[in-house]
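Remarks on the structure that follows.
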Amino acid sequence: MIAYASDRESANYSQGALDQLLDSLSLNPNVTEITVLAHSMGCALTLEALRSKATRSGRIGNKIKNVLLVAPDVSVDDFRTDIAQLGNRRPRIALFVSQDDGALKLSRTIAGGIQRLGDVNPQQEPYKTEFAREGIMVFDLSHLDGEAHSRAFEDITSVMGMIKQRLAAGQQLSGSGALSADAAQ
């Protein structure tokens, strides 16, 4: 648990650097589109940086197009607040979740039982309706092989296959609804 607290502190300390990186990339005329990929505690850091950017300048900017949150170690309530504060002109957001993620279960215990975004069941209410309403894509990786907390990276071909199938079916990355690993196979 000491390592967990230290990791969280390190993530919080990194927010200024992420803010600067996103600002630098956004101002660079050679960069036309930014996709942010965050994992675990980095998801909270990413959401905070985006929220801060939206609050500071009234918008996130039009170069940040996609935010991919893998095994997000973020409370569901904090996510709801962050999404609301990002406004309507936010980037497309995709969540990669697993209900069998032991690291997120430990995080939930440390947080006093507060639900972590990365281990929700996207087919269960209220999540299914909320994600659809907010236009948030959800990829449920629970049924893929590998260690739950990092399976999006271990089985990248399956994850990319799910995304490819969604696009081939005519769904846009900005579309809403959930896609499960079972549906992609």
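By convention in this document, the chains of the structure tokens carry letters A, B, ... by their order, each chain's residues are numbered from 1, and ligands are numbered from 1 in the order they are shown.
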Residues near Lys65 (chain A), anyone? I mean within 9 Å using only C-alpha atoms, not counting same-chain ones fewer than 3 positions away, as a compact mmCIF listing (two decimals) with N, CA and C atoms, in the first residue's frame.
# COMPACT_ATOMS: atom_id res chain seq x y z
N GLU A 33 -2.83 16.41 -35.11
CA GLU A 33 -3.78 15.68 -34.29
C GLU A 33 -3.04 15.01 -33.13
N ILE A 34 -3.66 15.05 -31.95
CA ILE A 34 -3.07 14.45 -30.75
C ILE A 34 -4.03 13.39 -30.22
N THR A 35 -3.48 12.20 -29.98
CA THR A 35 -4.20 11.13 -29.28
C THR A 35 -3.43 10.86 -28.00
N VAL A 36 -4.14 10.90 -26.89
CA VAL A 36 -3.53 10.64 -25.59
C VAL A 36 -3.93 9.24 -25.15
N GLY A 61 -8.97 22.63 -26.84
CA GLY A 61 -8.24 22.85 -28.08
C GLY A 61 -8.69 21.84 -29.11
N ASN A 62 -8.48 22.17 -30.37
CA ASN A 62 -9.01 21.29 -31.41
C ASN A 62 -8.01 20.25 -31.92
N ARG A 90 -15.28 18.29 -26.18
CA ARG A 90 -14.18 17.48 -25.67
C ARG A 90 -13.72 16.48 -26.74
N PRO A 91 -12.54 15.92 -26.53
CA PRO A 91 -12.07 14.87 -27.46
C PRO A 91 -12.94 13.62 -27.35
N ARG A 92 -12.81 12.74 -28.34
CA ARG A 92 -13.46 11.43 -28.25
C ARG A 92 -12.79 10.66 -27.12
N ILE A 93 -13.58 9.99 -26.33
CA ILE A 93 -13.05 9.24 -25.19
C ILE A 93 -13.41 7.78 -25.34
Contacts of region 25-30 of chain A at 7 Å or less, counting only C-alpha atoms, minus same-chain residues fewer than 3 places along, as JSON, numbers by chain?
{"A": [21, 22, 63]}
Same residues, C-alpha atoms, output as a CSV table (one decimal), in the first residue's frame:
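Written file, out-v2.csv:
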chain,number,residue,atom,x,y,z
A,21,LEU,CA,3.6,18.7,-23.2
A,22,LEU,CA,0.0,19.0,-24.4
A,63,LYS,CA,-5.8,19.2,-31.9
Per residue of region 39-84 of chain A within 7 Å of region 101-125 of chain A, record the nearest atom pair and its distance in Å to one decimal, counting only C-alpha atoms, with rows in chain order and ascending residue number, as a tab-separated table.
residue	atom	partner	partner_atom	distance
A:Ala71	CA	A:Gly118	CA	4.4
A:Pro72	CA	A:Gly118	CA	4.5
A:Asp73	CA	A:Arg116	CA	5.8
A:Val74	CA	A:Arg116	CA	5.4
A:Ser75	CA	A:Arg116	CA	4.6
A:Val76	CA	A:Leu117	CA	5.0
Polymer residues at most 6 Å from region 141-152 of chain A, only C-alpha atoms, same-chain spacing of 6 or more positions, as an mmCIF file with C-alpha atoms, in the first residue's frame:
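In the end it all went to result_29.cif:
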data_model
loop_
_atom_site.group_PDB
_atom_site.id
_atom_site.type_symbol
_atom_site.label_atom_id
_atom_site.label_comp_id
_atom_site.auth_asym_id
_atom_site.auth_seq_id
_atom_site.Cartn_x
_atom_site.Cartn_y
_atom_site.Cartn_z
ATOM 1 C CA VAL A 97 -12.211 -1.935 -18.880
ATOM 2 C CA SER A 98 -12.023 -5.366 -17.219
ATOM 3 C CA GLN A 99 -14.182 -6.520 -14.342
ATOM 4 C CA ASP A 101 -8.709 -6.379 -12.722
ATOM 5 C CA ALA A 181 -14.643 -8.510 -26.337
#
Tell me, which residues of region 9-183 of chain A carry DSSP helix (DSSP H, G or I), written as a ChimeraX atom specification?
/A:9-13,15-27,41-57,76-86,102-110,117-119,127-134,148-154,156-168,181-183
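Closest to Leu37 (chain A) among A:Met137, A:Leu86, A:Val67, A:Ala94 is A:Val67, based on only C-alpha atoms.
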Residue nearest Thr32 (chain A) - candidates A:Ala17, A:Ala84, A:Leu69, A:Ile64, atoms counted: only C-alpha atoms
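With only C-alpha atoms as the atom set, the closest residue is A:Ile64.
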Running DSSP on the backbone, which parts of region 45-112 of chain A land in strand (DSSP E or B), as number ranges by chain?
A: 64-70, 75, 92-97
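Compared by their closest atoms to Asn66 (chain A), and using only C-alpha atoms, the residues A:Leu95, A:Arg51, A:Gly42, A:Asp82 rank with A:Leu95 nearest.
The space between CA of Met41 (chain A) and CA of Val70 (chain A) spans 9.6 Å.
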